[in-house]
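Notes for the one structure printed next.
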Amino acid sequence: MIVLTNDNQTTIKTPISLRGVGIHTGKEVNITFKPADADNGYTFTRIDLKEKPVIEANIKYVFNTDRRTFLNKNNVTIQTCEHVLAALVGLEIDNVKIELDASEPPIMDGSSKYFVEALESAGKKELSEKRKEFVVRDIISYRDPKSGSEITVIPSSEYQITTMVDFGTKVLGTQNATMSSIKNFKEDISDSRTFSFLHEIEMLLNKGLIKGGDLNNAIVYVDKPLSNSTMEKLKKAFNRKEIKVNPNGILNNLTLHYPNEAARHKLLDVIGDLALIGTKIRGRVIATKPGHYINTEFARKMSSVIEEALKERKKESKIGKAPKIEGKKPIMDSKKIKEILPHRHPFLFIDEVYELNDNSILGLKHIKSDEYFFKGHFPEYPILPGVIIVEAMAQIGGILVLSKVPDPENYLTFFAKIDKVKFKNKVFPGDTIIFKCNLRNPVRRGICHMKGLAFVNDRLCAEAELTAQITKVK
């Protein structure tokens, strides 16, 4: 679901520029980060072109993921944008304008390190608008059957990522990396450099790519014998007089920052590619054999899920905002509720009542983690059963109608009909449900018609139309 967080959106205080070489184009390029207004997000401007076209960092503009992530809008391209975007996300900077005088940002050392340092020197500025966040409440997955790559996001208290890579080679083997908090990005992930295998380098050289590569911006794992012809090509490409293989299977003049630097760089790429969703995520991403294709396909799916969530939110706005109880004192506690309702533990589902008039009532239920139904619904993924929500609606409706009789202890209410039940959002342990119930018509002959609404975290989680029969039993 989409929520407004307590944190304000951010941008940078002052413009900051860097100069370097594009790894694939080999061209000198200047990149300038500039402050932006709230809700601008990340935008790229090609100042080398006549019209100075702007390309938003949006998943809908991804058109190629061969070795890097390409954006294309109206035949204007930005390539290899993932390291820049990762730096912005990693520093929790929400809005920045990025100007380039070429199609590709400078590769620098093959990581996000220099972008992070530049952005930090520019300073962070807080804006007045609140940051939007997509809170993951359901498991969302995307799998590529051809490669076996898979990315899944599950509920979590913050944005976390785990990458698991396996290239099937002895020189690299299997590696894992985890970022438990975005606040750890700078220290643990930002300086992890891009890498490639020797056979890939040969292919890229033959295609005329990696013109701006050198041994300071790409780790090269040697997974095959180094022939004389290949050695000569590498000397020319990397502008080195001597090329040799270190004992750890990596080309010379470069020392690994971490034993699992490859997995950490894959994690960096995941952050950069998922930035194209355009919305901050609160959830744990688990990426198995990630790459730019699977990353962007997952981002496309997430973007679609978020778009649907926004549509639902617009529909809910027609119902009205969730009732507020902050600062109010309950007019009924559980003791007074028991004087009206015959229900008792463990089947009394209303804890407090805050408003009560002739035609409507407002109350709540705190969902505790030790509720008896969570033992079986479901042990590994506790979620409040929908029937409990409907029963709680009926109970608060029962308080509304029974409060009108002088001797409520002598009456019971029985379901006669439940209609138009809709469950919008899941309810978990620790949530508080606010119930609002309205009489649709005056009570006649003991028959009452009610409309029940249930809200969690300021969002509608369920609604139903209830018909009940009030019966005197004593």
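Chain identifiers are assigned as A, B, and so on, following the order in which chains appear in the structure tokens; residues are numbered from 1 within each chain, and ligands are numbered from 1 in order of appearance.
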
Would you pick out the contacts of Met179 in chain A at 9 Å or less, using only C-alpha atoms, so that residues sharing its chain but fewer than 6 positions from it are not included, and give the list as a short mmCIF file (atom, residue, chain, number, x, y, z; two decimals) with C-alpha atoms, in the first residue's frame?
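To be explicit, this is the file written out as result-v3.cif:
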data_model
loop_
_atom_site.label_atom_id
_atom_site.label_comp_id
_atom_site.auth_asym_id
_atom_site.auth_seq_id
_atom_site.Cartn_x
_atom_site.Cartn_y
_atom_site.Cartn_z
CA TYR A 159 14.21 -1.38 2.69
CA GLN A 160 16.54 -4.36 2.69
CA ILE A 161 18.21 -6.30 -0.12
CA THR A 162 19.92 -9.68 -0.38
CA THR A 163 21.63 -10.81 -3.58
CA PHE A 185 24.75 1.69 1.58
CA ASP A 188 29.07 -1.41 2.72
CA ILE A 189 27.96 -1.19 -0.92
CA ARG A 264 27.86 -6.43 -3.53
CA LEU A 267 23.26 -5.49 -5.04
#

Would you pick out the contacts of range 418-430 of chain A at 7 Å or less, using only C-alpha atoms, so that residues sharing its chain but fewer than 2 positions from it are not included, and give the list as a VMD selection string? chain A and resid 367 to 369 382 to 384 432 460 to 467

Go through A:His83, A:His199, A:Arg19, A:Lys280 and flag the residue nearest Lys113 in chain A, using only C-alpha atoms for the distances. A:His83

Residues near Tyr142 in chain A, anyone? I mean within 10 Å using only C-alpha atoms, not counting same-chain ones fewer than 4 positions away, as a count of residues only. 14

Using only C-alpha atoms, the shortest atom-to-atom distance to Phe44 in chain A among A:Gly22, A:Asn95, A:Asp333, A:Thr65 belongs to A:Asn95

Skip Lys404 in chain A itself and residues of its chain fewer than 2 positions away, then list as a short mmCIF file (atom, residue, chain, number, x, y, z; two decimals) with N, CA and C atoms, in the first residue's frame all residues within 12 Å of it, counting only C-alpha atoms.
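Result file out02.cif:
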data_model
loop_
_atom_site.label_atom_id
_atom_site.label_comp_id
_atom_site.auth_asym_id
_atom_site.auth_seq_id
_atom_site.Cartn_x
_atom_site.Cartn_y
_atom_site.Cartn_z
N ILE A 340 -23.53 -4.07 27.34
CA ILE A 340 -24.45 -4.02 26.21
C ILE A 340 -24.38 -5.30 25.39
N LEU A 356 -20.81 7.72 19.60
CA LEU A 356 -22.08 7.00 19.54
C LEU A 356 -23.20 8.01 19.46
N ASN A 357 -23.97 7.96 18.37
CA ASN A 357 -25.16 8.81 18.27
C ASN A 357 -26.31 7.99 17.73
N ASP A 358 -27.36 8.63 17.29
CA ASP A 358 -28.56 7.90 16.89
C ASP A 358 -28.33 6.98 15.72
N ASN A 359 -27.47 7.36 14.79
CA ASN A 359 -27.34 6.60 13.55
C ASN A 359 -25.95 6.05 13.25
N SER A 360 -24.95 6.36 14.07
CA SER A 360 -23.60 5.89 13.77
C SER A 360 -22.80 5.65 15.04
N GLY A 397 -21.92 -2.74 15.37
CA GLY A 397 -23.29 -2.43 14.99
C GLY A 397 -24.27 -2.84 16.07
N GLY A 398 -24.00 -3.96 16.72
CA GLY A 398 -24.85 -4.42 17.82
C GLY A 398 -24.85 -3.43 18.97
N ILE A 399 -23.69 -2.85 19.27
CA ILE A 399 -23.62 -1.83 20.33
C ILE A 399 -24.48 -0.63 19.95
N LEU A 400 -24.43 -0.25 18.66
CA LEU A 400 -25.21 0.89 18.18
C LEU A 400 -26.71 0.67 18.40
N VAL A 401 -27.23 -0.49 17.98
CA VAL A 401 -28.68 -0.70 18.06
C VAL A 401 -29.14 -1.07 19.46
N LEU A 402 -28.32 -1.84 20.21
CA LEU A 402 -28.73 -2.26 21.55
C LEU A 402 -28.63 -1.11 22.56
N PRO A 406 -33.65 -0.01 26.75
CA PRO A 406 -33.33 0.21 28.16
C PRO A 406 -32.70 -1.00 28.84
N ASP A 407 -32.92 -2.20 28.30
CA ASP A 407 -32.40 -3.41 28.94
C ASP A 407 -31.66 -4.27 27.93
N PRO A 408 -30.51 -3.80 27.42
CA PRO A 408 -29.80 -4.52 26.36
C PRO A 408 -29.36 -5.93 26.76
N GLU A 409 -29.22 -6.17 28.06
CA GLU A 409 -28.81 -7.50 28.51
C GLU A 409 -29.85 -8.57 28.19
N TYR A 411 -31.38 -8.73 25.21
CA TYR A 411 -31.50 -8.84 23.75
C TYR A 411 -30.24 -9.44 23.13
N PRO A 442 -34.10 3.40 9.54
CA PRO A 442 -34.56 3.24 10.93
C PRO A 442 -34.86 1.77 11.22
N VAL A 443 -34.64 1.36 12.46
CA VAL A 443 -34.92 -0.01 12.87
C VAL A 443 -36.43 -0.23 12.87
N GLY A 446 -37.61 -4.87 14.62
CA GLY A 446 -36.40 -5.56 15.06
C GLY A 446 -35.38 -5.81 13.97
N ILE A 470 -32.90 -8.13 15.73
CA ILE A 470 -32.79 -7.93 17.17
C ILE A 470 -33.88 -8.75 17.83
#
